[in-house]
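Shown next: start.pdb, containing PDB, C-alpha atoms.
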ATOM      1  CA  MET G 255      -6.529 -17.513  36.206
ATOM      2  CA  GLN G 256      -4.380 -19.925  34.230
ATOM      3  CA  ARG G 257      -5.618 -20.635  30.714
ATOM      4  CA  THR G 258      -6.281 -24.247  29.731
ATOM      5  CA  ARG G 259      -5.673 -25.307  26.150
ATOM      6  CA  THR G 260      -7.291 -28.230  24.380
ATOM      7  CA  ARG G 261      -4.617 -30.602  23.067
ATOM      8  CA  LEU G 262      -4.631 -33.135  20.252
ATOM      9  CA  LYS G 263      -4.545 -35.789  23.000
ATOM     10  CA  ASP G 264      -7.844 -34.463  24.393
ATOM     11  CA  ILE G 265      -9.525 -34.788  20.981
ATOM     12  CA  ALA G 266      -8.051 -38.272  20.590
ATOM     13  CA  VAL G 267      -9.552 -39.343  23.923
ATOM     14  CA  ALA G 268     -12.928 -37.839  23.023
ATOM     15  CA  THR G 269     -13.111 -39.519  19.607
ATOM     16  CA  GLY G 270     -11.235 -42.768  20.226
ATOM     17  CA  TYR G 271      -8.695 -42.135  17.481
ATOM     18  CA  SER G 272      -4.928 -41.837  17.815
ATOM     19  CA  ALA G 273      -3.297 -38.431  18.158
ATOM     20  CA  ASN G 274      -1.632 -38.943  14.759
ATOM     21  CA  THR G 275      -5.014 -39.607  13.089
ATOM     22  CA  VAL G 276      -6.450 -36.530  14.788
ATOM     23  CA  SER G 277      -3.542 -34.409  13.575
ATOM     24  CA  LEU G 278      -3.951 -35.596   9.975
ATOM     25  CA  ALA G 279      -7.723 -35.055  10.058
ATOM     26  CA  LEU G 280      -7.402 -31.502  11.366
ATOM     27  CA  ARG G 281      -5.004 -30.729   8.520
ATOM     28  CA  GLY G 282      -7.557 -32.049   6.013
ATOM     29  CA  SER G 283      -5.429 -34.997   4.937
ATOM     30  CA  LEU G 284      -7.086 -37.164   2.280
ATOM     31  CA  ARG G 285      -5.450 -40.179   3.920
ATOM     32  CA  ILE G 286      -8.231 -39.998   6.498
ATOM     33  CA  PRO G 287     -11.773 -40.994   5.388
ATOM     34  CA  GLU G 288     -14.183 -38.084   5.042
ATOM     35  CA  GLU G 289     -16.539 -39.405   7.721
ATOM     36  CA  THR G 290     -13.649 -39.694  10.184
ATOM     37  CA  ARG G 291     -12.369 -36.190   9.330
ATOM     38  CA  ASP G 292     -15.823 -34.721   9.878
ATOM     39  CA  ARG G 293     -16.191 -36.452  13.256
ATOM     40  CA  ILE G 294     -12.774 -35.325  14.465
ATOM     41  CA  GLN G 295     -13.211 -31.746  13.229
ATOM     42  CA  SER G 296     -16.631 -31.550  14.891
ATOM     43  CA  ALA G 297     -15.129 -32.758  18.174
ATOM     44  CA  ALA G 298     -12.302 -30.210  17.872
ATOM     45  CA  GLN G 299     -14.840 -27.425  17.423
ATOM     46  CA  SER G 300     -16.933 -28.511  20.385
ATOM     47  CA  LEU G 301     -13.803 -28.704  22.570
ATOM     48  CA  ASN G 302     -12.770 -25.188  21.442
ATOM     49  CA  TYR G 303      -9.520 -26.440  19.947
ATOM     50  CA  PHE G 304      -7.095 -24.011  18.285
ATOM     51  CA  PRO G 305      -3.852 -25.172  16.662
ATOM     52  CA  ASN G 306      -0.601 -24.157  18.332
ATOM     53  CA  THR G 307       0.871 -22.098  15.511
ATOM     54  CA  ILE G 308       4.075 -21.456  17.434
ATOM     55  CA  ALA G 309       4.757 -25.158  17.742
ATOM     56  CA  GLN G 310       3.879 -25.680  14.082
ATOM     57  CA  ALA G 311       6.260 -22.919  13.056
ATOM     58  CA  LEU G 312       9.098 -24.545  14.980
ATOM     59  CA  VAL G 313       8.573 -27.706  12.980
ATOM     60  CA  SER G 314       7.908 -26.196   9.541
ATOM     61  CA  ARG G 315      10.133 -23.102   9.949
ATOM     62  CA  GLU G 316       7.216 -21.066   8.581
ATOM     63  CA  THR G 317       4.768 -18.890  10.519
ATOM     64  CA  ARG G 318       2.448 -18.377   7.512
ATOM     65  CA  THR G 319       2.446 -14.684   8.364
ATOM     66  CA  ILE G 320       3.432 -11.733   6.144
ATOM     67  CA  GLY G 321       4.441  -8.361   7.596
ATOM     68  CA  LEU G 322       3.304  -5.069   6.024
ATOM     69  CA  VAL G 323       4.911  -1.707   6.829
ATOM     70  CA  LEU G 324       2.760   1.301   5.930
ATOM     71  CA  THR G 325       3.908   4.912   5.944
ATOM     72  CA  ASP G 326       0.555   6.152   7.270
ATOM     73  CA  ILE G 327      -2.152   3.870   8.611
ATOM     74  CA  MET G 328      -4.706   6.706   8.214
ATOM     75  CA  ASN G 329      -4.082   6.969   4.462
ATOM     76  CA  PRO G 330      -7.280   5.610   2.842
ATOM     77  CA  THR G 331      -5.416   4.148  -0.129
ATOM     78  CA  LEU G 332      -2.977   2.236   2.052
ATOM     79  CA  THR G 333      -5.857   1.043   4.216
ATOM     80  CA  LEU G 334      -7.564  -0.271   1.082
ATOM     81  CA  VAL G 335      -4.379  -2.050  -0.016
ATOM     82  CA  SER G 336      -4.120  -3.611   3.445
ATOM     83  CA  ARG G 337      -7.651  -4.966   3.156
ATOM     84  CA  PHE G 338      -6.998  -6.488  -0.273
ATOM     85  CA  LEU G 339      -3.693  -7.979   0.913
ATOM     86  CA  GLU G 340      -5.342  -9.522   3.960
ATOM     87  CA  ARG G 341      -8.014 -11.131   1.783
ATOM     88  CA  GLU G 342      -5.524 -12.417  -0.796
ATOM     89  CA  LEU G 343      -3.301 -13.896   1.894
ATOM     90  CA  ALA G 344      -6.189 -15.447   3.816
ATOM     91  CA  GLN G 345      -7.247 -17.338   0.696
ATOM     92  CA  ARG G 346      -3.794 -18.917   0.721
ATOM     93  CA  GLY G 347      -3.745 -19.709   4.420
ATOM     94  CA  TYR G 348      -1.606 -16.746   5.506
ATOM     95  CA  SER G 349      -2.259 -13.904   7.939
ATOM     96  CA  LEU G 350      -1.139 -10.270   7.758
ATOM     97  CA  MET G 351       0.736  -8.358  10.472
ATOM     98  CA  LEU G 352       0.651  -4.544  10.246
ATOM     99  CA  ALA G 353       3.024  -1.797  11.347
ATOM    100  CA  ALA G 354       3.134   1.930  10.558
ATOM    101  CA  SER G 355       6.282   4.043  10.224
ATOM    102  CA  ASP G 356       4.484   7.422  10.322
ATOM    103  CA  HIS G 357       7.010   8.571   7.687
ATOM    104  CA  ASP G 358       9.760   8.114  10.308
ATOM    105  CA  PRO G 359      12.838   6.123   9.131
ATOM    106  CA  ALA G 360      13.631   5.068  12.706
ATOM    107  CA  LYS G 361      10.127   3.606  13.139
ATOM    108  CA  GLU G 362      10.442   1.886   9.782
ATOM    109  CA  TRP G 363      13.698   0.220  10.833
ATOM    110  CA  SER G 364      12.134  -0.791  14.153
ATOM    111  CA  ALA G 365       9.151  -2.356  12.369
ATOM    112  CA  LEU G 366      11.444  -4.411  10.145
ATOM    113  CA  ASN G 367      13.299  -5.679  13.208
ATOM    114  CA  VAL G 368      10.051  -6.590  14.971
ATOM    115  CA  PHE G 369       8.843  -8.529  11.945
ATOM    116  CA  ARG G 370      12.118 -10.418  11.705
ATOM    117  CA  SER G 371      12.058 -11.218  15.421
ATOM    118  CA  ARG G 372       8.504 -12.543  15.009
ATOM    119  CA  GLN G 373       9.790 -14.737  12.185
ATOM    120  CA  VAL G 374       7.252 -13.587   9.599
ATOM    121  CA  ASP G 375       7.757 -15.397   6.303
ATOM    122  CA  GLY G 376       8.084 -12.234   4.216
ATOM    123  CA  ILE G 377       7.861  -8.440   4.398
ATOM    124  CA  LEU G 378       5.962  -5.964   2.218
ATOM    125  CA  ILE G 379       6.891  -2.325   2.664
ATOM    126  CA  TYR G 380       6.022   1.209   1.577
ATOM    127  CA  PRO G 381       9.394   2.906   2.221
ATOM    128  CA  THR G 382       9.474   6.286   3.930
ATOM    129  CA  ASN G 383      12.363   7.625   1.841
ATOM    130  CA  HIS G 384      12.913   6.244  -1.642
ATOM    131  CA  ASP G 385      16.566   7.304  -1.617
ATOM    132  CA  ARG G 386      17.444   5.546   1.645
ATOM    133  CA  LEU G 387      16.906   1.830   1.214
ATOM    134  CA  ASP G 388      20.085   0.230   2.565
ATOM    135  CA  HIS G 389      18.245  -1.194   5.585
ATOM    136  CA  ILE G 390      15.748  -2.929   3.280
ATOM    137  CA  ARG G 391      18.547  -4.197   1.047
ATOM    138  CA  ALA G 392      20.226  -5.585   4.151
ATOM    139  CA  VAL G 393      17.091  -7.604   4.929
ATOM    140  CA  ARG G 394      17.094  -9.000   1.408
ATOM    141  CA  GLN G 395      20.814  -9.753   1.401
ATOM    142  CA  VAL G 396      20.447 -12.192   4.283
ATOM    143  CA  GLY G 397      17.924 -14.110   2.200
ATOM    144  CA  TYR G 398      14.793 -12.661   3.772
ATOM    145  CA  PRO G 399      11.865 -12.170   1.340
ATOM    146  CA  ALA G 400      11.230  -8.418   1.073
ATOM    147  CA  LEU G 401       9.071  -6.642  -1.474
ATOM    148  CA  VAL G 402       8.802  -2.875  -1.998
ATOM    149  CA  LEU G 403       5.377  -1.434  -2.874
ATOM    150  CA  ALA G 404       6.699   1.851  -4.296
ATOM    151  CA  ASP G 405       7.879   2.982  -7.730
ATOM    152  CA  ILE G 406      11.637   2.516  -7.225
ATOM    153  CA  PRO G 407      12.748   0.406 -10.219
ATOM    154  CA  VAL G 408      16.502   0.887  -9.754
ATOM    155  CA  ALA G 409      16.583   0.065  -6.038
ATOM    156  CA  GLY G 410      18.040  -3.424  -6.434
ATOM    157  CA  LEU G 411      14.910  -4.772  -4.726
ATOM    158  CA  ASP G 412      11.824  -6.660  -5.815
ATOM    159  CA  VAL G 413       9.083  -4.131  -6.592
ATOM    160  CA  VAL G 414       5.344  -4.254  -7.223
ATOM    161  CA  ALA G 415       3.886  -0.757  -7.510
ATOM    162  CA  ILE G 416       1.862   1.786  -9.410
ATOM    163  CA  ASP G 417       3.966   3.605 -12.019
ATOM    164  CA  ASP G 418       3.895   7.015 -10.326
ATOM    165  CA  ARG G 419       5.974   8.654 -13.034
ATOM    166  CA  SER G 420       3.322   7.667 -15.560
ATOM    167  CA  GLY G 421       0.604   8.832 -13.160
ATOM    168  CA  GLY G 422       2.183  12.254 -12.668
ATOM    169  CA  TYR G 423       2.666  12.585 -16.419
ATOM    170  CA  LYS G 424      -0.961  11.734 -17.205
ATOM    171  CA  ALA G 425      -2.291  14.154 -14.583
ATOM    172  CA  VAL G 426      -0.374  17.177 -15.859
ATOM    173  CA  ARG G 427      -0.733  16.278 -19.529
ATOM    174  CA  HIS G 428      -4.506  16.237 -18.999
ATOM    175  CA  LEU G 429      -4.395  19.755 -17.542
ATOM    176  CA  ILE G 430      -2.189  21.008 -20.377
ATOM    177  CA  GLU G 431      -4.589  19.511 -22.918
ATOM    178  CA  ARG G 432      -7.347  21.509 -21.194
ATOM    179  CA  GLY G 433      -5.390  24.655 -22.038
ATOM    180  CA  HIS G 434      -3.690  25.326 -18.682
ATOM    181  CA  ARG G 435      -0.239  26.908 -18.792
ATOM    182  CA  ARG G 436       0.286  27.681 -15.109
ATOM    183  CA  ILE G 437      -0.085  24.586 -12.948
ATOM    184  CA  ALA G 438       0.510  24.290  -9.205
ATOM    185  CA  MET G 439       1.630  20.937  -7.810
ATOM    186  CA  LEU G 440       1.073  20.054  -4.155
ATOM    187  CA  ASP G 441       3.734  17.449  -3.398
ATOM    188  CA  ALA G 442       4.622  16.575   0.190
ATOM    189  CA  ALA G 443       6.607  13.525  -0.938
ATOM    190  CA  GLN G 444       9.543  15.626  -2.132
ATOM    191  CA  LEU G 445      10.344  16.514   1.475
ATOM    192  CA  LEU G 446      11.189  12.800   1.890
ATOM    193  CA  GLY G 447      13.197  12.542  -1.322
ATOM    194  CA  ASN G 448      10.374  10.888  -3.270
ATOM    195  CA  SER G 449      10.227  12.559  -6.683
ATOM    196  CA  GLU G 450       8.490  10.032  -8.945
ATOM    197  CA  LYS G 451       5.211  11.943  -9.443
ATOM    198  CA  HIS G 452       7.098  15.203  -9.933
ATOM    199  CA  ASP G 453       9.380  13.593 -12.532
ATOM    200  CA  GLY G 454       6.340  12.520 -14.531
ATOM    201  CA  ALA G 455       4.642  15.890 -14.174
ATOM    202  CA  PHE G 456       7.742  17.742 -15.327
ATOM    203  CA  ARG G 457       8.070  15.447 -18.349
ATOM    204  CA  ALA G 458       4.561  16.453 -19.426
ATOM    205  CA  VAL G 459       5.522  20.147 -19.174
ATOM    206  CA  THR G 460       8.726  19.596 -21.149
ATOM    207  CA  GLU G 461       7.039  17.569 -23.890
ATOM    208  CA  ALA G 462       4.440  20.320 -24.308
ATOM    209  CA  GLY G 463       7.222  22.833 -24.938
ATOM    210  CA  LEU G 464       6.307  24.901 -21.887
ATOM    211  CA  PRO G 465       8.883  26.683 -19.703
ATOM    212  CA  ALA G 466       9.973  24.936 -16.511
ATOM    213  CA  ASP G 467       8.176  27.488 -14.347
ATOM    214  CA  ALA G 468       4.841  26.448 -15.865
ATOM    215  CA  LEU G 469       4.854  23.864 -13.067
ATOM    216  CA  VAL G 470       4.914  25.537  -9.647
ATOM    217  CA  VAL G 471       5.765  23.077  -6.890
ATOM    218  CA  VAL G 472       4.381  23.742  -3.418
ATOM    219  CA  LYS G 473       5.485  21.416  -0.629
ATOM    220  CA  PRO G 474       2.777  21.041   2.049
ATOM    221  CA  GLY G 475       3.710  19.758   5.479
ATOM    222  CA  GLY G 476       1.879  16.479   4.951
ATOM    223  CA  HIS G 477      -0.593  14.576   2.805
ATOM    224  CA  SER G 478      -3.882  15.402   4.570
ATOM    225  CA  ALA G 479      -6.834  17.581   3.551
ATOM    226  CA  THR G 480      -5.765  20.144   6.152
ATOM    227  CA  ASP G 481      -2.318  20.319   4.546
ATOM    228  CA  GLY G 482      -3.918  20.783   1.128
ATOM    229  CA  PHE G 483      -6.186  23.556   2.414
ATOM    230  CA  GLN G 484      -3.221  25.479   3.797
ATOM    231  CA  ALA G 485      -0.879  24.889   0.855
ATOM    232  CA  ILE G 486      -3.229  25.954  -1.934
ATOM    233  CA  GLY G 487      -3.788  29.220  -0.084
ATOM    234  CA  GLU G 488      -0.067  29.909  -0.391
ATOM    235  CA  ALA G 489      -0.011  28.951  -4.062
ATOM    236  CA  MET G 490      -2.884  31.270  -4.884
ATOM    237  CA  LYS G 491      -1.015  34.228  -3.369
ATOM    238  CA  LEU G 492       1.632  34.028  -6.109
ATOM    239  CA  LYS G 493       1.884  36.953  -8.515
ATOM    240  CA  GLN G 494       1.007  34.631 -11.390
ATOM    241  CA  ARG G 495      -1.803  32.563  -9.933
ATOM    242  CA  PRO G 496      -2.136  29.020 -11.212
ATOM    243  CA  THR G 497      -5.224  28.083 -13.190
ATOM    244  CA  ALA G 498      -4.881  24.387 -12.391
ATOM    245  CA  LEU G 499      -3.717  22.151  -9.584
ATOM    246  CA  PHE G 500      -2.186  18.676  -9.467
ATOM    247  CA  ALA G 501      -2.350  17.290  -5.918
ATOM    248  CA  THR G 502      -0.360  14.119  -5.270
ATOM    249  CA  THR G 503      -3.057  12.665  -2.999
ATOM    250  CA  ASP G 504      -6.820  12.961  -3.133
ATOM    251  CA  SER G 505      -6.759  14.201   0.460
ATOM    252  CA  LEU G 506      -4.657  17.200  -0.589
ATOM    253  CA  ALA G 507      -7.046  17.806  -3.490
ATOM    254  CA  ILE G 508     -10.082  17.694  -1.182
ATOM    255  CA  GLY G 509      -8.455  20.254   1.096
ATOM    256  CA  ALA G 510      -7.792  22.508  -1.906
ATOM    257  CA  LEU G 511     -11.410  22.105  -3.028
ATOM    258  CA  ARG G 512     -12.607  23.223   0.404
ATOM    259  CA  TRP G 513     -10.372  26.307   0.192
ATOM    260  CA  CYS G 514     -11.801  27.163  -3.227
ATOM    261  CA  ARG G 515     -15.355  26.886  -1.931
ATOM    262  CA  GLU G 516     -14.635  29.160   1.034
ATOM    263  CA  GLN G 517     -12.797  31.719  -1.113
ATOM    264  CA  GLY G 518     -15.376  31.789  -3.894
ATOM    265  CA  VAL G 519     -13.049  30.234  -6.481
ATOM    266  CA  SER G 520     -15.061  28.112  -8.900
ATOM    267  CA  VAL G 521     -13.879  24.606  -9.805
ATOM    268  CA  PRO G 522     -12.982  24.026 -12.568
ATOM    269  CA  GLY G 523     -13.619  27.564 -13.896
ATOM    270  CA  GLY G 524     -11.271  29.373 -11.513
ATOM    271  CA  LEU G 525      -9.056  26.394 -10.692
ATOM    272  CA  ALA G 526      -9.073  22.942 -12.271
ATOM    273  CA  ILE G 527      -8.035  20.152  -9.871
ATOM    274  CA  VAL G 528      -6.545  16.703 -10.420
ATOM    275  CA  GLY G 529      -5.939  14.403  -7.455
ATOM    276  CA  TYR G 530      -4.198  11.080  -7.045
ATOM    277  CA  ASP G 531      -5.403   7.654  -5.808
ATOM    278  CA  ASN G 532      -9.037   7.796  -7.018
ATOM    279  CA  THR G 533     -10.490   7.371  -3.537
ATOM    280  CA  GLU G 534     -14.203   7.175  -2.819
ATOM    281  CA  ALA G 535     -14.004  10.590  -1.142
ATOM    282  CA  ALA G 536     -12.793  12.154  -4.413
ATOM    283  CA  ASP G 537     -15.739  10.709  -6.297
ATOM    284  CA  PHE G 538     -18.254  11.985  -3.726
ATOM    285  CA  SER G 539     -16.782  15.462  -3.123
ATOM    286  CA  SER G 540     -18.950  18.546  -3.649
ATOM    287  CA  VAL G 541     -17.270  18.736  -7.050
ATOM    288  CA  PRO G 542     -16.238  15.190  -8.046
ATOM    289  CA  ILE G 543     -12.462  15.238  -8.479
ATOM    290  CA  THR G 544     -10.550  13.975 -11.507
ATOM    291  CA  SER G 545      -7.920  11.586 -10.186
ATOM    292  CA  ILE G 546      -5.224   9.064 -11.071
ATOM    293  CA  ASN G 547      -6.460   5.612 -10.111
ATOM    294  CA  TYR G 548      -4.428   3.584  -7.627
ATOM    295  CA  ALA G 549      -5.231  -0.009  -8.631
ATOM    296  CA  ALA G 550      -5.159  -1.417  -5.101
ATOM    297  CA  ALA G 551      -6.579  -4.816  -6.083
ATOM    298  CA  ALA G 552      -3.993  -5.328  -8.834
ATOM    299  CA  VAL G 553      -1.093  -4.224  -6.609
ATOM    300  CA  SER G 554      -2.233  -6.561  -3.847
ATOM    301  CA  SER G 555      -2.716  -9.546  -6.144
ATOM    302  CA  HIS G 556       0.707  -9.172  -7.771
ATOM    303  CA  ALA G 557       2.379  -8.503  -4.421
ATOM    304  CA  VAL G 558       0.954 -11.614  -2.762
ATOM    305  CA  GLU G 559       1.913 -13.836  -5.680
ATOM    306  CA  ARG G 560       5.445 -12.435  -5.667
ATOM    307  CA  ILE G 561       6.153 -12.540  -1.921
ATOM    308  CA  LEU G 562       4.822 -16.076  -1.550
ATOM    309  CA  SER G 563       6.924 -17.227  -4.501
ATOM    310  CA  MET G 564      10.022 -15.896  -2.725
ATOM    311  CA  ILE G 565       9.538 -17.840   0.517
ATOM    312  CA  GLY G 566      12.062 -20.624   0.994
ATOM    313  CA  LYS G 567      13.882 -19.772  -2.236
ATOM    314  CA  PRO G 568      17.483 -18.606  -2.704
ATOM    315  CA  LEU G 569      18.140 -14.955  -3.522
ATOM    316  CA  SER G 570      17.553 -14.223  -7.224
ATOM    317  CA  THR G 571      17.649 -11.212  -9.547
ATOM    318  CA  PRO G 572      15.034  -8.665  -8.382
ATOM    319  CA  ILE G 573      11.868  -8.385 -10.478
ATOM    320  CA  VAL G 574      10.188  -5.006 -10.958
ATOM    321  CA  THR G 575       6.476  -4.853 -11.803
ATOM    322  CA  LEU G 576       5.024  -1.387 -12.424
ATOM    323  CA  ILE G 577       1.285  -1.036 -13.072
ATOM    324  CA  ASP G 578       0.321   1.802 -15.426
ATOM    325  CA  PRO G 579      -2.442   3.869 -13.756
ATOM    326  CA  GLU G 580      -5.613   5.167 -15.383
ATOM    327  CA  LEU G 581      -6.793   8.792 -15.384
ATOM    328  CA  VAL G 582     -10.388   9.020 -14.163
ATOM    329  CA  ILE G 583     -11.927  12.262 -15.468
ATOM    330  CA  ARG G 584     -14.616  13.976 -13.398
ATOM    331  CA  GLN G 585     -16.121  17.453 -13.022
ATOM    332  CA  SER G 586     -13.125  19.145 -11.365
ATOM    333  CA  THR G 587     -11.397  19.470 -14.759
TER     334      THR G 587
END
Please go through the file and, once you have read it, give me the structure as structure tokens.
Amino acid sequence: MQRTRTRLKDIAVATGYSANTVSLALRGSLRIPEETRDRIQSAAQSLNYFPNTIAQALVSRETRTIGLVLTDIMNPTLTLVSRFLERELAQRGYSLMLAASDHDPAKEWSALNVFRSRQVDGILIYPTNHDRLDHIRAVRQVGYPALVLADIPVAGLDVVAIDDRSGGYKAVRHLIERGHRRIAMLDAAQLLGNSEKHDGAFRAVTEAGLPADALVVVKPGGHSATDGFQAIGEAMKLKQRPTALFATTDSLAIGALRWCREQGVSVPGGLAIVGYDNTEAADFSSVPITSINYAAAAVSSHAVERILSMIGKPLSTPIVTLIDPELVIRQST
């Protein structure tokens, strides 16, 4: 069945005003008296009128839509960021369009192309590989607003992100201050060339005067609790077992905590654990997990302000904003 769409002309006929007056009233123009605006807007609602955003975009050259590329739509931290971004944008009259790369560079490139073909006004992105950013630079170089949500300050791109080097440093420094000298690090990001958290962790080891092998890096196959469960089992088989663990996501830490419970390893007595992201699940685990806080609200607020300020403006020198994260100490350490 063919859909029928209420037009401005239909509202004009119903109210007795011109189509131009109706258009101004529906946009909230103060040129139209309040009583008239209320009458027209009430009629539009009763006639089930929705604005033709495609037609509006053709006129204004703006779709009032921002695209967001996530690496993993199941990641609770990224889901939280998406929710904050959607709220921030909605308050400014914009909508959010989502895509997920699943840590696949080809899917990431495809998502960027889809967003550009849909004429979104700007793109926010969590890159899959922090060392391979030419395709994002190419988007920027043609004057398209693009903002990276990852700690890559020398990328030649606008950045709003948590300072992951500082986060990794604070996590491992905390464990060292607790007396640990053999620390395992579960870090799936290194498989994708993303070393920021490791760089910070290693700096903490170096500053403490410990040997490089005080930090034992284990690379799980992913970022989930299942991956953490499997990876910590491998780490604990080492001849010199670690006494502490830094997991680069809370999900990995939760998986490690489950392994400890099943194997009779006390936390923090047998293994101290620090996670990353400060998710609700970490706080409500059987042993509440110490974690580095991912300030999702602050990232979202800064990101929205920045991307909207870039729309319709000529290319300028990239601005990098890194937010220093807080260590939230709980019972796991």
Let me have the centre and edge lengths of the axis-aligned box enclosing all listed atoms of range 556-573 of chain G with 3 Å padding on every side, in Å to one decimal, as JSON.
{"center_x": 9.4, "center_y": -14.5, "center_z": -4.7, "size_x": 23.4, "size_y": 18.2, "size_z": 17.5}
Nearest-residue call for Met490 in chain G, choices G:Ile508, G:Ala298, G:Val335, G:Val519, using all atoms listed in the file: G:Val519
Target residues per the PyMOL selection byres ((chain G and resi 325-332) around 8), formatted as number ranges by chain: G: 323-324, 333-336, 354-358, 380-382, 531, 533, 548, 550
Who sits within 12 Å of Arg394 in chain G, only C-alpha atoms, same chain under 2 positions skipped, as a ChimeraX atom specification: /G:366,370,376-378,387-392,396-402,409-412,561,564-565,567-572
Straight-line distance linking CA of Thr587 in chain G with CA of Ala485 in chain G, stated in Å to one decimal: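 Straight-line distance from CA of Thr587 in chain G to CA of Ala485 in chain G works out to 19.6 Å.
The shortest atom-to-atom distance to Ala279 in chain G, with all atoms listed in the file taken into account, belongs to G:Ile294 out of G:Ile294, G:Ala266, G:Pro522, G:Gly447.
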Picked residues, the PyMOL selection byres ((chain G and resi 476) around 12), as an NGL selection string: :G and (325-326 or 329 or 356-357 or 440-446 or 472-475 or 477-485 or 501-503 or 505-506 or 509)
Could you dump the residues just selected with C-alpha atoms as an mmCIF file, keeping the file's coordinate frame?
data_model
loop_
_atom_site.group_PDB
_atom_site.id
_atom_site.type_symbol
_atom_site.label_atom_id
_atom_site.label_comp_id
_atom_site.auth_asym_id
_atom_site.auth_seq_id
_atom_site.Cartn_x
_atom_site.Cartn_y
_atom_site.Cartn_z
ATOM 1 C CA THR G 325 3.908 4.912 5.944
ATOM 2 C CA ASP G 326 0.555 6.152 7.270
ATOM 3 C CA ASN G 329 -4.082 6.969 4.462
ATOM 4 C CA ASP G 356 4.484 7.422 10.322
ATOM 5 C CA HIS G 357 7.010 8.571 7.687
ATOM 6 C CA LEU G 440 1.073 20.054 -4.155
ATOM 7 C CA ASP G 441 3.734 17.449 -3.398
ATOM 8 C CA ALA G 442 4.622 16.575 0.190
ATOM 9 C CA ALA G 443 6.607 13.525 -0.938
ATOM 10 C CA GLN G 444 9.543 15.626 -2.132
ATOM 11 C CA LEU G 445 10.344 16.514 1.475
ATOM 12 C CA LEU G 446 11.189 12.800 1.890
ATOM 13 C CA VAL G 472 4.381 23.742 -3.418
ATOM 14 C CA LYS G 473 5.485 21.416 -0.629
ATOM 15 C CA PRO G 474 2.777 21.041 2.049
ATOM 16 C CA GLY G 475 3.710 19.758 5.479
ATOM 17 C CA HIS G 477 -0.593 14.576 2.805
ATOM 18 C CA SER G 478 -3.882 15.402 4.570
ATOM 19 C CA ALA G 479 -6.834 17.581 3.551
ATOM 20 C CA THR G 480 -5.765 20.144 6.152
ATOM 21 C CA ASP G 481 -2.318 20.319 4.546
ATOM 22 C CA GLY G 482 -3.918 20.783 1.128
ATOM 23 C CA PHE G 483 -6.186 23.556 2.414
ATOM 24 C CA GLN G 484 -3.221 25.479 3.797
ATOM 25 C CA ALA G 485 -0.879 24.889 0.855
ATOM 26 C CA ALA G 501 -2.350 17.290 -5.918
ATOM 27 C CA THR G 502 -0.360 14.119 -5.270
ATOM 28 C CA THR G 503 -3.057 12.665 -2.999
ATOM 29 C CA SER G 505 -6.759 14.201 0.460
ATOM 30 C CA LEU G 506 -4.657 17.200 -0.589
ATOM 31 C CA GLY G 509 -8.455 20.254 1.096
#
Selection near Ala404 in chain G, 9 Å with all atoms listed in the file, sequence-local residues under 5 positions removed, as a list of chain:residue names: G:Ile379, G:Tyr380, G:Pro381, G:His384, G:Val413, G:Val414, G:Ala415, G:Ile416, G:Asp417, G:Asp418, G:Leu576
I'd like the residues picked by the PyMOL selection byres ((chain G and resi 543) around 12) written out as a compact mmCIF listing (two decimals) with C-alpha atoms, in the coordinates of the input, using the chain letters and numbers from the file.
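Everything below was put into out.txt:
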# COMPACT_ATOMS: atom_id res chain seq x y z
CA ALA G 425 -2.29 14.15 -14.58
CA LEU G 499 -3.72 22.15 -9.58
CA PHE G 500 -2.19 18.68 -9.47
CA ALA G 501 -2.35 17.29 -5.92
CA THR G 503 -3.06 12.66 -3.00
CA ASP G 504 -6.82 12.96 -3.13
CA SER G 505 -6.76 14.20 0.46
CA LEU G 506 -4.66 17.20 -0.59
CA ALA G 507 -7.05 17.81 -3.49
CA ILE G 508 -10.08 17.69 -1.18
CA GLY G 509 -8.46 20.25 1.10
CA ALA G 510 -7.79 22.51 -1.91
CA LEU G 511 -11.41 22.10 -3.03
CA ARG G 512 -12.61 23.22 0.40
CA VAL G 521 -13.88 24.61 -9.80
CA PRO G 522 -12.98 24.03 -12.57
CA LEU G 525 -9.06 26.39 -10.69
CA ALA G 526 -9.07 22.94 -12.27
CA ILE G 527 -8.04 20.15 -9.87
CA VAL G 528 -6.54 16.70 -10.42
CA GLY G 529 -5.94 14.40 -7.46
CA TYR G 530 -4.20 11.08 -7.04
CA ASP G 531 -5.40 7.65 -5.81
CA ASN G 532 -9.04 7.80 -7.02
CA THR G 533 -10.49 7.37 -3.54
CA GLU G 534 -14.20 7.18 -2.82
CA ALA G 535 -14.00 10.59 -1.14
CA ALA G 536 -12.79 12.15 -4.41
CA ASP G 537 -15.74 10.71 -6.30
CA PHE G 538 -18.25 11.98 -3.73
CA SER G 539 -16.78 15.46 -3.12
CA SER G 540 -18.95 18.55 -3.65
CA VAL G 541 -17.27 18.74 -7.05
CA PRO G 542 -16.24 15.19 -8.05
CA THR G 544 -10.55 13.98 -11.51
CA SER G 545 -7.92 11.59 -10.19
CA ILE G 546 -5.22 9.06 -11.07
CA ASN G 547 -6.46 5.61 -10.11
CA LEU G 581 -6.79 8.79 -15.38
CA VAL G 582 -10.39 9.02 -14.16
CA ILE G 583 -11.93 12.26 -15.47
CA ARG G 584 -14.62 13.98 -13.40
CA GLN G 585 -16.12 17.45 -13.02
CA SER G 586 -13.12 19.14 -11.36
CA THR G 587 -11.40 19.47 -14.76
